[in-house]
file query-v3.txt (compact mmCIF, C-alpha atoms)
# COMPACT_ATOMS: atom_id res chain seq x y z
CA MET A 1 48.56 -9.84 30.15
CA ALA A 2 45.44 -7.80 30.97
CA VAL A 3 44.48 -10.06 33.88
CA HIS A 4 48.04 -9.98 35.20
CA VAL A 5 48.20 -6.19 35.05
CA ILE A 6 44.79 -5.76 36.67
CA ASN A 7 45.76 -8.14 39.46
CA GLU A 8 48.96 -6.23 40.00
CA ALA A 9 47.07 -2.93 40.06
CA ARG A 10 44.70 -4.33 42.70
CA ARG A 11 47.68 -5.08 44.93
CA CYS A 12 48.45 -1.35 45.21
CA LEU A 13 47.73 -0.15 48.76
CA GLN A 14 47.13 3.47 47.68
CA CYS A 15 49.59 4.66 50.31
CA LYS A 16 48.98 8.15 51.72
CA LYS A 17 52.73 8.70 51.47
CA PRO A 18 53.61 6.79 48.26
CA MET A 19 57.35 6.17 48.42
CA CYS A 20 57.20 4.68 44.90
CA GLN A 21 56.47 8.21 43.70
CA LEU A 22 58.15 10.42 46.29
CA GLN A 23 61.49 8.60 46.52
CA GLY A 24 61.41 6.07 43.72
CA CYS A 25 60.43 8.00 40.60
CA PRO A 26 62.93 10.63 39.37
CA ILE A 27 60.18 12.45 37.46
CA GLY A 28 57.56 12.12 40.19
CA THR A 29 54.92 10.06 38.39
CA ASN A 30 51.72 9.95 40.47
CA ILE A 31 51.63 6.16 40.60
CA PRO A 32 48.68 5.71 43.03
CA GLU A 33 46.52 8.04 40.94
CA MET A 34 47.55 6.24 37.74
CA ILE A 35 46.42 2.94 39.25
CA ARG A 36 43.22 4.38 40.73
CA LEU A 37 42.14 5.84 37.39
CA PHE A 38 42.98 2.60 35.59
CA LEU A 39 40.96 0.43 37.97
CA ASP A 40 38.05 2.89 37.74
CA GLY A 41 37.91 2.38 33.98
CA GLN A 42 39.47 5.75 33.21
CA GLY A 43 42.40 4.51 31.16
CA ASN A 44 42.34 7.53 28.85
CA GLU A 45 42.64 9.88 31.81
CA ALA A 46 45.46 7.80 33.30
CA ALA A 47 47.37 7.83 30.01
CA ALA A 48 46.87 11.58 29.62
CA MET A 49 48.20 12.16 33.12
CA LEU A 50 51.23 9.97 32.43
CA PHE A 51 52.05 11.77 29.18
CA ALA A 52 51.58 15.23 30.68
CA ASN A 53 53.97 14.38 33.48
CA ASN A 54 56.45 12.46 31.30
CA PRO A 55 56.10 12.38 27.49
CA MET A 56 58.55 9.44 27.51
CA SER A 57 56.23 7.36 29.69
CA ILE A 58 55.94 4.38 27.31
CA ILE A 59 59.71 4.20 26.95
CA CYS A 60 60.43 4.67 30.65
CA SER A 61 58.02 1.85 31.46
CA LEU A 62 60.33 -0.44 29.48
CA VAL A 63 63.86 0.80 30.09
CA CYS A 64 63.92 2.42 33.54
CA ASP A 65 65.76 0.68 36.38
CA HIS A 66 62.50 -0.09 38.17
CA GLU A 67 64.08 -2.28 40.84
CA ARG A 68 66.04 0.69 42.13
CA GLN A 69 63.31 3.22 41.46
CA CYS A 70 59.51 2.88 41.79
CA GLU A 71 59.30 -0.85 42.46
CA GLY A 72 62.31 -0.73 44.75
CA HIS A 73 60.39 1.67 47.00
CA CYS A 74 57.03 -0.14 46.94
CA ILE A 75 55.90 -1.02 50.46
CA GLN A 76 54.64 -4.39 49.24
CA GLY A 77 58.23 -5.32 48.49
CA ARG A 78 59.20 -5.21 52.16
CA LYS A 79 57.56 -8.54 52.99
CA GLY A 80 56.88 -9.94 49.54
CA SER A 81 57.01 -8.92 45.91
CA ALA A 82 56.65 -5.29 44.89
CA VAL A 83 53.74 -4.25 42.71
CA GLN A 84 54.90 -4.50 39.09
CA ILE A 85 54.43 -0.78 38.46
CA SER A 86 56.37 -0.88 35.19
CA SER A 87 53.94 -3.39 33.67
CA ILE A 88 50.94 -1.31 34.71
CA GLU A 89 52.46 1.91 33.37
CA HIS A 90 53.35 0.24 30.08
CA TYR A 91 49.89 -1.26 29.66
CA ILE A 92 48.28 2.16 30.14
CA SER A 93 50.73 4.42 28.29
CA ASN A 94 51.12 1.99 25.39
CA GLY A 95 47.50 0.89 25.09
CA PHE A 96 45.97 4.36 25.15
CA PHE A 97 48.69 6.26 23.30
CA GLU A 98 46.82 6.66 20.01
CA LYS A 99 43.76 7.98 21.84
CA LEU A 100 45.66 10.83 23.49
CA GLN A 101 44.29 14.22 22.52
CA LEU A 102 47.20 16.57 23.04
CA GLU A 103 46.08 20.12 23.65
CA LYS A 104 47.90 22.96 21.95
CA GLN A 105 47.86 26.64 22.81
CA PRO A 106 47.22 29.23 20.08
CA PRO A 107 50.26 29.97 17.86
CA LYS A 108 52.69 32.42 19.41
CA GLY A 109 54.45 33.20 16.15
CA GLN A 110 57.90 32.32 17.47
CA ARG A 111 60.25 29.66 16.10
CA VAL A 112 62.10 27.13 18.23
CA ALA A 113 64.84 24.80 16.99
CA VAL A 114 65.58 21.46 18.63
CA ILE A 115 68.92 19.91 17.71
CA GLY A 116 68.83 16.18 18.32
CA SER A 117 65.83 13.90 18.83
CA GLY A 118 66.83 11.80 21.80
CA PRO A 119 64.64 11.80 24.92
CA ALA A 120 65.57 15.36 25.92
CA GLY A 121 65.00 16.72 22.41
CA LEU A 122 61.66 14.98 21.99
CA VAL A 123 60.38 16.19 25.35
CA VAL A 124 61.37 19.79 24.61
CA ALA A 125 59.82 19.59 21.14
CA VAL A 126 56.50 18.27 22.47
CA GLU A 127 56.36 20.71 25.39
CA MET A 128 57.18 23.74 23.24
CA ALA A 129 54.75 22.73 20.50
CA GLN A 130 51.95 22.36 23.05
CA MET A 131 52.78 25.88 24.29
CA GLY A 132 52.11 27.19 20.79
CA TYR A 133 55.63 27.57 19.41
CA ASP A 134 56.63 26.62 15.87
CA VAL A 135 59.10 23.77 16.44
CA THR A 136 61.59 22.20 14.05
CA ILE A 137 63.74 19.20 15.01
CA PHE A 138 67.12 18.81 13.31
CA GLU A 139 68.23 15.17 13.41
CA ARG A 140 71.49 13.96 11.88
CA LYS A 141 70.25 10.39 11.39
CA SER A 142 67.39 8.91 9.37
CA HIS A 143 64.92 8.50 12.22
CA ILE A 144 64.05 10.16 15.49
CA GLY A 145 64.93 8.62 18.85
CA GLY A 146 68.63 9.24 19.29
CA MET A 147 70.19 6.72 21.64
CA MET A 148 66.75 5.19 22.28
CA ARG A 149 66.65 4.01 18.67
CA TYR A 150 70.32 3.52 17.90
CA GLY A 151 71.72 2.55 21.30
CA ILE A 152 69.02 0.37 22.89
CA PRO A 153 68.36 -2.96 21.13
CA ASP A 154 64.97 -3.58 19.58
CA PHE A 155 64.29 -6.50 21.93
CA ARG A 156 64.37 -4.02 24.82
CA LEU A 157 62.70 -1.07 23.09
CA PRO A 158 60.72 -1.83 19.91
CA ARG A 159 61.39 0.69 17.13
CA SER A 160 57.65 0.82 16.38
CA ILE A 161 57.13 2.84 19.56
CA LEU A 162 59.34 5.64 18.26
CA SER A 163 57.49 5.61 14.94
CA ARG A 164 54.28 6.21 16.87
CA TYR A 165 55.88 9.18 18.60
CA LYS A 166 56.73 10.61 15.22
CA GLU A 167 53.06 10.55 14.23
CA LYS A 168 52.06 12.30 17.46
CA MET A 169 54.58 15.05 16.74
CA ARG A 170 53.28 15.45 13.23
CA LEU A 171 49.81 16.04 14.67
CA LEU A 172 51.31 18.71 16.92
CA GLY A 173 52.74 20.46 13.86
CA ILE A 174 56.37 19.71 14.69
CA HIS A 175 58.68 19.74 11.65
CA ILE A 176 61.42 17.11 11.44
CA ARG A 177 64.52 17.47 9.29
CA PRO A 178 66.39 14.14 9.14
CA HIS A 179 69.95 13.81 7.86
CA THR A 180 70.69 17.36 9.00
CA THR A 181 73.79 17.95 11.08
CA ILE A 182 74.12 21.34 12.71
CA GLY A 183 77.79 22.11 12.36
CA GLY A 184 77.90 20.67 8.84
CA ALA A 185 76.23 22.47 5.94
CA LEU A 186 74.15 24.42 8.45
CA HIS A 187 75.61 26.12 11.49
CA LEU A 188 73.84 27.18 14.65
CA ASP A 189 74.18 30.83 13.67
CA ASP A 190 72.26 30.06 10.47
CA LEU A 191 69.28 29.06 12.59
CA ILE A 192 69.41 32.35 14.45
CA SER A 193 69.62 34.25 11.17
CA ASP A 194 66.54 32.41 9.92
CA GLY A 195 64.46 33.56 12.86
CA TYR A 196 64.72 30.82 15.46
CA GLN A 197 64.42 32.77 18.69
CA ALA A 198 65.31 29.90 21.02
CA ILE A 199 67.40 26.82 20.37
CA PHE A 200 67.66 23.60 22.35
CA ILE A 201 70.75 21.40 22.08
CA GLY A 202 70.12 17.74 22.88
CA THR A 203 72.85 16.08 20.86
CA GLY A 204 73.73 13.39 23.39
CA THR A 205 77.04 11.57 23.77
CA TRP A 206 77.86 9.71 20.57
CA ARG A 207 81.66 9.48 20.68
CA ALA A 208 82.97 6.24 22.18
CA ARG A 209 85.29 6.56 25.14
CA ARG A 210 88.61 4.87 24.53
CA LEU A 211 90.28 2.42 26.83
CA GLY A 212 93.66 3.94 26.06
CA VAL A 213 95.42 0.58 25.67
CA PRO A 214 97.38 -0.82 22.71
CA GLY A 215 95.30 -2.61 20.09
CA GLU A 216 92.14 -0.50 19.95
CA SER A 217 92.53 0.08 16.21
CA LEU A 218 92.74 -3.62 15.27
CA GLY A 219 90.24 -4.97 12.76
CA ASN A 220 88.50 -7.26 15.25
CA VAL A 221 87.89 -4.50 17.82
CA HIS A 222 84.68 -2.46 17.90
CA TYR A 223 82.97 0.09 20.15
CA ALA A 224 79.56 -0.78 21.58
CA ILE A 225 78.09 2.60 20.58
CA ASP A 226 78.92 1.80 16.95
CA TYR A 227 78.00 -1.87 17.05
CA LEU A 228 74.54 -1.33 18.53
CA GLN A 229 73.55 1.08 15.77
CA ASN A 230 73.69 -1.67 13.13
CA PRO A 231 74.69 -5.09 14.49
CA GLY A 232 74.00 -6.81 11.18
CA ALA A 233 76.95 -5.01 9.60
CA TYR A 234 79.42 -6.86 11.84
CA ALA A 235 80.86 -10.36 11.63
CA LEU A 236 81.99 -10.99 15.20
CA GLY A 237 82.67 -14.71 15.07
CA GLU A 238 81.77 -17.35 17.65
CA ARG A 239 83.71 -16.01 20.62
CA VAL A 240 83.21 -12.39 21.73
CA ALA A 241 84.76 -10.43 24.60
CA VAL A 242 82.80 -7.42 25.91
CA ILE A 243 84.81 -5.00 28.04
CA GLY A 244 82.63 -2.94 30.36
CA ALA A 245 79.97 -3.43 33.02
CA GLY A 246 77.16 -0.97 32.24
CA ASN A 247 73.87 -1.43 30.44
CA SER A 248 75.56 -0.86 27.07
CA ALA A 249 77.86 -3.80 27.77
CA MET A 250 74.85 -5.97 28.59
CA ASP A 251 73.07 -4.78 25.44
CA ALA A 252 76.11 -5.53 23.30
CA ALA A 253 76.52 -9.00 24.80
CA ARG A 254 72.86 -9.91 24.39
CA THR A 255 72.82 -8.56 20.84
CA ALA A 256 75.93 -10.54 19.87
CA LEU A 257 74.29 -13.72 21.15
CA ARG A 258 71.17 -12.97 19.12
CA GLN A 259 73.32 -12.36 16.06
CA GLY A 260 74.80 -15.85 16.30
CA SER A 261 77.90 -15.61 18.48
CA ARG A 262 78.04 -18.68 20.71
CA PHE A 263 80.40 -17.68 23.51
CA VAL A 264 80.13 -14.15 24.87
CA THR A 265 81.95 -13.04 28.01
CA ILE A 266 81.55 -9.71 29.80
CA TYR A 267 84.67 -8.48 31.58
CA ALA A 268 84.14 -6.08 34.50
CA ARG A 269 87.13 -4.16 35.86
CA SER A 270 85.66 -3.91 39.36
CA ASN A 271 84.03 -6.50 41.60
CA HIS A 272 80.54 -5.33 40.60
CA VAL A 273 78.60 -4.03 37.60
CA THR A 274 77.06 -0.62 37.03
CA ALA A 275 74.29 -2.12 34.90
CA SER A 276 70.88 -2.63 36.46
CA GLU A 277 70.30 -5.93 38.22
CA ARG A 278 67.60 -6.85 35.71
CA GLU A 279 69.86 -6.26 32.70
CA LEU A 280 72.63 -8.35 34.26
CA ASP A 281 70.15 -11.14 34.99
CA TYR A 282 68.90 -11.10 31.39
CA ALA A 283 72.43 -11.11 29.98
CA ILE A 284 73.26 -14.20 32.00
CA ALA A 285 69.91 -15.82 31.12
CA ASP A 286 70.64 -15.19 27.44
CA GLY A 287 73.90 -17.09 27.76
CA ALA A 288 76.58 -14.50 28.54
CA ASP A 289 79.28 -15.18 31.11
CA ILE A 290 80.70 -12.45 33.35
CA LEU A 291 84.11 -12.22 34.98
CA TYR A 292 84.91 -9.62 37.64
CA GLY A 293 88.16 -7.88 38.52
CA MET A 294 89.53 -8.01 34.96
CA ALA A 295 91.72 -5.00 34.13
CA VAL A 296 92.53 -4.86 30.42
CA GLU A 297 96.17 -4.22 29.50
CA LYS A 298 96.04 -4.55 25.72
CA ILE A 299 94.03 -6.06 22.89
CA THR A 300 95.48 -8.49 20.37
CA GLU A 301 94.14 -10.21 17.28
CA GLN A 302 93.70 -13.29 19.46
CA GLY A 303 91.68 -11.38 22.08
CA PRO A 304 92.16 -8.98 25.00
CA VAL A 305 94.85 -9.44 27.63
CA PHE A 306 93.84 -8.87 31.26
CA ILE A 307 95.35 -8.72 34.71
CA LYS A 308 93.14 -10.40 37.28
CA ARG A 309 92.52 -8.17 40.29
CA GLU A 310 91.71 -9.45 43.78
CA PHE A 311 89.33 -7.63 46.12
CA SER A 312 88.61 -7.78 49.83
CA GLU A 313 85.11 -8.28 51.22
CA ALA A 314 84.97 -4.50 51.63
CA GLY A 315 85.59 -4.05 47.91
CA GLU A 316 89.18 -2.82 48.18
CA MET A 317 91.74 -4.15 45.74
CA ILE A 318 94.27 -6.26 47.65
CA GLY A 319 96.33 -7.76 44.86
CA GLN A 320 96.59 -8.76 41.23
CA GLY A 321 97.86 -11.66 39.21
CA LEU A 322 99.78 -12.13 35.99
CA MET A 323 98.66 -11.08 32.52
CA GLU A 324 96.44 -13.60 30.77
CA LEU A 325 94.93 -13.77 27.28
CA ALA A 326 91.17 -14.11 26.92
CA PRO A 327 90.76 -15.80 23.52
CA ALA A 328 88.17 -14.02 21.37
CA ASP A 329 87.37 -13.59 17.69
CA SER A 330 86.14 -10.05 18.38
CA THR A 331 86.34 -7.54 21.22
CA ILE A 332 83.64 -4.97 21.95
CA ILE A 333 84.57 -1.97 24.10
CA ALA A 334 81.66 -0.63 26.19
CA VAL A 335 83.16 1.85 28.66
CA SER A 336 80.88 4.85 28.21
CA GLN A 337 80.68 7.71 25.69
CA ARG A 338 81.37 11.41 25.46
CA ALA A 339 79.98 14.28 23.43
CA LYS A 340 81.04 15.10 19.91
CA ASP A 341 82.39 18.61 19.33
CA LYS A 342 81.35 19.54 15.79
CA LEU A 343 78.55 21.88 16.87
CA VAL A 344 80.67 23.60 19.53
CA ASN A 345 83.63 24.01 17.18
CA THR A 346 81.46 25.77 14.59
CA THR A 347 79.74 28.09 17.07
CA SER A 348 81.38 31.03 18.82
CA GLY A 349 80.66 31.70 22.47
CA LEU A 350 79.34 28.23 23.29
CA ASP A 351 81.35 26.85 26.20
CA VAL A 352 81.89 23.30 27.39
CA ASN A 353 83.35 22.01 30.64
CA ASP A 354 86.57 20.05 31.11
CA LYS A 355 84.75 16.84 30.10
CA GLY A 356 83.57 18.33 26.81
CA LEU A 357 79.96 18.53 28.03
CA MET A 358 77.77 21.56 27.47
CA ALA A 359 78.16 24.25 30.12
CA VAL A 360 74.76 25.46 31.37
CA ASP A 361 73.39 27.46 34.30
CA GLU A 362 70.71 26.29 36.74
CA HIS A 363 68.05 27.04 34.10
CA GLY A 364 69.69 25.00 31.36
CA GLN A 365 70.87 28.09 29.47
CA THR A 366 74.24 27.85 27.78
CA THR A 367 76.81 30.62 27.62
CA ARG A 368 74.88 32.15 24.71
CA PRO A 369 71.50 33.77 25.43
CA GLY A 370 68.54 31.91 23.99
CA ILE A 371 70.45 28.66 23.55
CA PHE A 372 69.55 25.94 26.03
CA SER A 373 70.66 22.37 26.62
CA ALA A 374 69.87 19.27 28.70
CA GLY A 375 70.24 15.50 28.64
CA ASP A 376 73.40 13.45 28.15
CA VAL A 377 75.25 16.29 26.40
CA VAL A 378 75.08 18.13 29.75
CA THR A 379 75.29 15.30 32.30
CA GLY A 380 77.18 12.63 30.38
CA PRO A 381 75.54 9.25 29.68
CA TRP A 382 72.65 8.76 32.08
CA ASN A 383 69.15 7.47 31.44
CA VAL A 384 65.89 8.35 29.69
CA VAL A 385 63.92 9.44 32.74
CA GLN A 386 66.60 11.85 33.98
CA ALA A 387 66.88 13.37 30.50
CA ALA A 388 63.08 13.77 30.35
CA LYS A 389 62.98 15.39 33.77
CA ALA A 390 65.71 17.91 32.91
CA ALA A 391 64.16 18.66 29.51
CA LYS A 392 60.77 19.48 31.05
CA GLU A 393 62.39 22.04 33.34
CA VAL A 394 64.40 23.56 30.48
CA ALA A 395 61.27 23.82 28.32
CA LYS A 396 59.68 25.96 31.04
CA GLN A 397 62.73 28.23 31.07
CA MET A 398 62.69 28.50 27.29
CA ASP A 399 59.07 29.61 27.49
CA VAL A 400 59.99 32.27 30.07
CA TYR A 401 62.82 33.47 27.84
CA LEU A 402 60.65 33.64 24.73
CA GLN A 403 57.89 35.50 26.53
CA SER A 404 60.42 38.06 27.70
CA LEU A 405 61.31 38.74 24.06
CA SER A 406 57.71 39.47 23.10
CA SER A 407 56.76 41.53 26.16

call {"tool": "encode", "arguments": {"input": "query-v3.txt", "output": "structure tokens"}}
result
Amino acid sequence: MAVHVINEARRCLQCKKPMCQLQGCPIGTNIPEMIRLFLDGQGNEAAAMLFANNPMSIICSLVCDHERQCEGHCIQGRKGSAVQISSIEHYISNGFFEKLQLEKQPPKGQRVAVIGSGPAGLVVAVEMAQMGYDVTIFERKSHIGGMMRYGIPDFRLPRSILSRYKEKMRLLGIHIRPHTTIGGALHLDDLISDGYQAIFIGTGTWRARRLGVPGESLGNVHYAIDYLQNPGAYALGERVAVIGAGNSAMDAARTALRQGSRFVTIYARSNHVTASERELDYAIADGADILYGMAVEKITEQGPVFIKREFSEAGEMIGQGLMELAPADSTIIAVSQRAKDKLVNTTSGLDVNDKGLMAVDEHGQTTRPGIFSAGDVVTGPWNVVQAAKAAKEVAKQMDVYLQSLSS
């Protein structure tokens, strides 16, 4: 692994205009500098730079869509294979993580609450703690990580990585309250009463989106967002139908195969998938089949019923066939998620848009002063790197807000 990564790093041309960074990386990671430091034996400095720019660096090195991002913009890929930037980033950010010495400003004497510990929540918590604020994370589940822990399978993102993040946050003085739902016993206004002067909402999108067809309540039908949280609790049988074409559908299919199902088929409504090319390739390599142009009409105990759609070369639908049953012991629905509304319903003055997502201004501030939000609960389901990018910007605005209170 080390020789492979070093060889890959040596292939970097150190472009004066690095498109891998400027166009390929949503959070602007300085990839040439990362590689230069690494090859110069300054791994600690490279890891520190990566973390400072993106606290989710280890995770992004594993789960980002690198073919469309950094590696997809590598100049080496024009005539041959792109530099495997993801492998280099992972080697550095993972290998030097425990050695990171995170600096922390003197205590400011102001409390900050972070609701939810997905990528946006963790980034805000780390950034605010390093600025000297007293940070408490409120997490409704047992462990931190949000969708990274409960929505991405362990074979893609090992849980041990998130446990290591927890230790880093402990060293920063961040408090974590697991099994604490804001909107349950505690309301958001309780936090304000107890002296939290700024609050970040990063609660994600945990409610499955329905298909809206007959049969969704049958006993052999499950939602991917629920299934992926604890696959061992389900008995899917040998034949599984997965409806959807995003990364969650690929994750559900690959997980079902690992749990013992023998025949897993992914049904895409369109003539393409929204999942990354790599995730589709791995799903097929793991043994999943995929059928395109399958519009579900209903779900039965014997499996889902589809209408086959025909498309032109331009991607326009030109016809459809008769209804046909796809025999399956279980059906998994993976057609996106939306935000839950418990927190909003128990808080006055906190607005959402017509999709039920948190309404924020250009600075990430909600319709109540001092309450900020970013990540999937604002954008809808997206990805880790975009959530991290937005959270970094919101953390800066929270700092500005808090300083205005003490001036």

call {"tool": "atom_distance", "arguments": {"input": "query-v3.txt", "atom1": "CA of Ala252 (chain A)", "atom2": "CA of Gln320 (chain A)"}}
result
27.4 Å

call {"tool": "closest_residue", "arguments": {"input": "query-v3.txt", "among": "A:Ser330, A:Asn353, A:Gln69, A:Ser61", "to": "Gln23 (chain A)", "atoms": "all atoms listed in the file"}}
result
A:Gln69

call {"tool": "closest_atom_pairs", "arguments": {"input": "query-v3.txt", "of": "region 124-194 of chain A", "to": "region 199-223 of chain A", "cutoff": "12 Å", "atoms": "all atoms listed in the file", "output": "CSV"}}
result
residue,atom,partner,partner_atom,distance
A:Val124,CA,A:Phe200,CA,7.7
A:Ala125,CA,A:Phe200,CA,8.9
A:Met128,CA,A:Phe200,CA,10.5
A:Tyr133,CA,A:Ile199,CA,11.8
A:Asp134,CA,A:Ile199,CA,11.7
A:Val135,CA,A:Ile199,CA,9.7
A:Thr136,CA,A:Ile199,CA,9.7
A:Ile137,CA,A:Phe200,CA,9.4
A:Phe138,CA,A:Ile201,CA,9.8
A:Glu139,CA,A:Thr203,CA,8.8
A:Arg140,CA,A:Thr203,CA,9.3
A:Lys141,CA,A:Thr203,CA,11.3
A:Ile144,CA,A:Thr203,CA,11.9
A:Gly145,CA,A:Gly204,CA,11.0
A:Gly146,CA,A:Gly204,CA,7.7
A:Met147,CA,A:Gly204,CA,7.8
A:Met148,CA,A:Gly204,CA,10.8
A:Tyr150,CA,A:Trp206,CA,10.1
A:Gly151,CA,A:Trp206,CA,9.5
A:Thr181,CA,A:Thr203,CA,10.0
A:Ile182,CA,A:Thr203,CA,9.8
A:Gly183,CA,A:Thr203,CA,11.5
A:Leu188,CA,A:Ile199,CA,8.6
A:Asp189,CA,A:Ile199,CA,10.3
A:Asp190,CA,A:Ile199,CA,11.5
A:Leu191,CA,A:Ile199,CA,8.3
A:Ile192,CA,A:Ile199,CA,8.3
A:Asp194,CA,A:Ile199,CA,11.9

call {"tool": "atom_distance", "arguments": {"input": "query-v3.txt", "atom1": "CA of Gly293 (chain A)", "atom2": "CA of Glu310 (chain A)"}}
result
6.5 Å

call {"tool": "closest_atom_pairs", "arguments": {"input": "query-v3.txt", "of": "region 100-197 of chain A", "to": "region 368-372 of chain A", "cutoff": "10 Å", "atoms": "all atoms listed in the file", "output": "Markdown table"}}
result
| residue | atom | partner | partner_atom | distance |
| --- | --- | --- | --- | --- |
| A:Val112 | CA | A:Gly370 | CA | 9.9 |
| A:Ala113 | CA | A:Ile371 | CA | 9.5 |
| A:Val114 | CA | A:Phe372 | CA | 9.5 |
| A:Leu188 | CA | A:Ile371 | CA | 9.6 |
| A:Ile192 | CA | A:Gly370 | CA | 9.6 |
| A:Tyr196 | CA | A:Gly370 | CA | 9.4 |
| A:Gln197 | CA | A:Gly370 | CA | 6.8 |

call {"tool": "residues_around", "arguments": {"input": "query-v3.txt", "residues": "Thr331 (chain A)", "least_positions_apart": "6", "cutoff": "6 Å", "atoms": "only C-alpha atoms", "output": "short mmCIF file (atom, residue, chain, number, x, y, z; two decimals) with C-alpha atoms, keeping the file's coordinate frame"}}
result
data_model
loop_
_atom_site.label_atom_id
_atom_site.label_comp_id
_atom_site.auth_asym_id
_atom_site.auth_seq_id
_atom_site.Cartn_x
_atom_site.Cartn_y
_atom_site.Cartn_z
CA VAL A 221 87.89 -4.50 17.82
CA VAL A 240 83.21 -12.39 21.73
CA ALA A 241 84.76 -10.43 24.60
CA VAL A 242 82.80 -7.42 25.91
#

call {"tool": "residues_around", "arguments": {"input": "query-v3.txt", "residues": "Leu322 (chain A)", "least_positions_apart": "4", "cutoff": "9 Å", "atoms": "all atoms listed in the file", "output": "list of chain:residue names"}}
result
A:Phe306, A:Ile307, A:Lys308

call {"tool": "write_last_selection", "arguments": {"input": "query-v3.txt", "atoms": "C-alpha atoms", "output": "PDB file, in the frame of the given file"}}
result
ATOM      1  CA  PHE A 306      93.840  -8.870  31.260  1.00  0.00           C
ATOM      2  CA  ILE A 307      95.350  -8.720  34.710  1.00  0.00           C
ATOM      3  CA  LYS A 308      93.140 -10.400  37.280  1.00  0.00           C
TER       4      LYS A 308
END

call {"tool": "decode", "arguments": {"input": "query-v3.txt", "residues": "region 63-75 of chain A", "atoms": "N, CA, C and O atoms", "output": "PDB file, in the first residue's frame"}}
result
ATOM      1  N   VAL A  63     -15.379   8.197   0.648  1.00  0.00           N
ATOM      2  CA  VAL A  63     -16.751   8.173   0.139  1.00  0.00           C
ATOM      3  C   VAL A  63     -17.064   9.228  -0.916  1.00  0.00           C
ATOM      4  O   VAL A  63     -18.147   9.212  -1.489  1.00  0.00           O
ATOM      5  N   CYS A  64     -16.138  10.143  -1.192  1.00  0.00           N
ATOM      6  CA  CYS A  64     -16.397  11.135  -2.238  1.00  0.00           C
ATOM      7  C   CYS A  64     -16.480  10.458  -3.609  1.00  0.00           C
ATOM      8  O   CYS A  64     -15.918   9.380  -3.827  1.00  0.00           O
ATOM      9  N   ASP A  65     -17.131  11.136  -4.543  1.00  0.00           N
ATOM     10  CA  ASP A  65     -17.213  10.661  -5.924  1.00  0.00           C
ATOM     11  C   ASP A  65     -15.978  11.168  -6.666  1.00  0.00           C
ATOM     12  O   ASP A  65     -16.036  12.120  -7.444  1.00  0.00           O
ATOM     13  N   HIS A  66     -14.836  10.525  -6.422  1.00  0.00           N
ATOM     14  CA  HIS A  66     -13.564  11.039  -6.909  1.00  0.00           C
ATOM     15  C   HIS A  66     -13.478  11.065  -8.432  1.00  0.00           C
ATOM     16  O   HIS A  66     -12.803  11.922  -8.999  1.00  0.00           O
ATOM     17  N   GLU A  67     -14.165  10.139  -9.091  1.00  0.00           N
ATOM     18  CA  GLU A  67     -14.091  10.112 -10.553  1.00  0.00           C
ATOM     19  C   GLU A  67     -14.685  11.369 -11.173  1.00  0.00           C
ATOM     20  O   GLU A  67     -14.269  11.801 -12.241  1.00  0.00           O
ATOM     21  N   ARG A  68     -15.659  11.946 -10.506  1.00  0.00           N
ATOM     22  CA  ARG A  68     -16.276  13.170 -11.026  1.00  0.00           C
ATOM     23  C   ARG A  68     -15.644  14.416 -10.415  1.00  0.00           C
ATOM     24  O   ARG A  68     -15.892  15.519 -10.887  1.00  0.00           O
ATOM     25  N   GLN A  69     -14.856  14.224  -9.374  1.00  0.00           N
ATOM     26  CA  GLN A  69     -14.296  15.378  -8.670  1.00  0.00           C
ATOM     27  C   GLN A  69     -12.785  15.460  -8.939  1.00  0.00           C
ATOM     28  O   GLN A  69     -12.380  15.699 -10.058  1.00  0.00           O
ATOM     29  N   CYS A  70     -11.966  15.289  -7.901  1.00  0.00           N
ATOM     30  CA  CYS A  70     -10.523  15.538  -8.055  1.00  0.00           C
ATOM     31  C   CYS A  70      -9.889  14.692  -9.159  1.00  0.00           C
ATOM     32  O   CYS A  70      -9.230  15.222 -10.057  1.00  0.00           O
ATOM     33  N   GLU A  71     -10.102  13.387  -9.113  1.00  0.00           N
ATOM     34  CA  GLU A  71      -9.450  12.512 -10.080  1.00  0.00           C
ATOM     35  C   GLU A  71     -10.010  12.702 -11.485  1.00  0.00           C
ATOM     36  O   GLU A  71      -9.298  12.520 -12.479  1.00  0.00           O
ATOM     37  N   GLY A  72     -11.272  13.107 -11.564  1.00  0.00           N
ATOM     38  CA  GLY A  72     -11.876  13.371 -12.862  1.00  0.00           C
ATOM     39  C   GLY A  72     -11.317  14.604 -13.543  1.00  0.00           C
ATOM     40  O   GLY A  72     -11.529  14.807 -14.750  1.00  0.00           O
ATOM     41  N   HIS A  73     -10.618  15.452 -12.772  1.00  0.00           N
ATOM     42  CA  HIS A  73     -10.032  16.666 -13.340  1.00  0.00           C
ATOM     43  C   HIS A  73      -8.507  16.614 -13.383  1.00  0.00           C
ATOM     44  O   HIS A  73      -7.862  17.612 -13.702  1.00  0.00           O
ATOM     45  N   CYS A  74      -7.935  15.465 -13.067  1.00  0.00           N
ATOM     46  CA  CYS A  74      -6.473  15.314 -13.094  1.00  0.00           C
ATOM     47  C   CYS A  74      -5.995  15.284 -14.540  1.00  0.00           C
ATOM     48  O   CYS A  74      -6.519  14.528 -15.374  1.00  0.00           O
ATOM     49  N   ILE A  75      -4.966  16.080 -14.838  1.00  0.00           N
ATOM     50  CA  ILE A  75      -4.478  16.164 -16.210  1.00  0.00           C
ATOM     51  C   ILE A  75      -3.894  14.838 -16.700  1.00  0.00           C
ATOM     52  O   ILE A  75      -3.908  14.531 -17.888  1.00  0.00           O
TER      53      ILE A  75
END
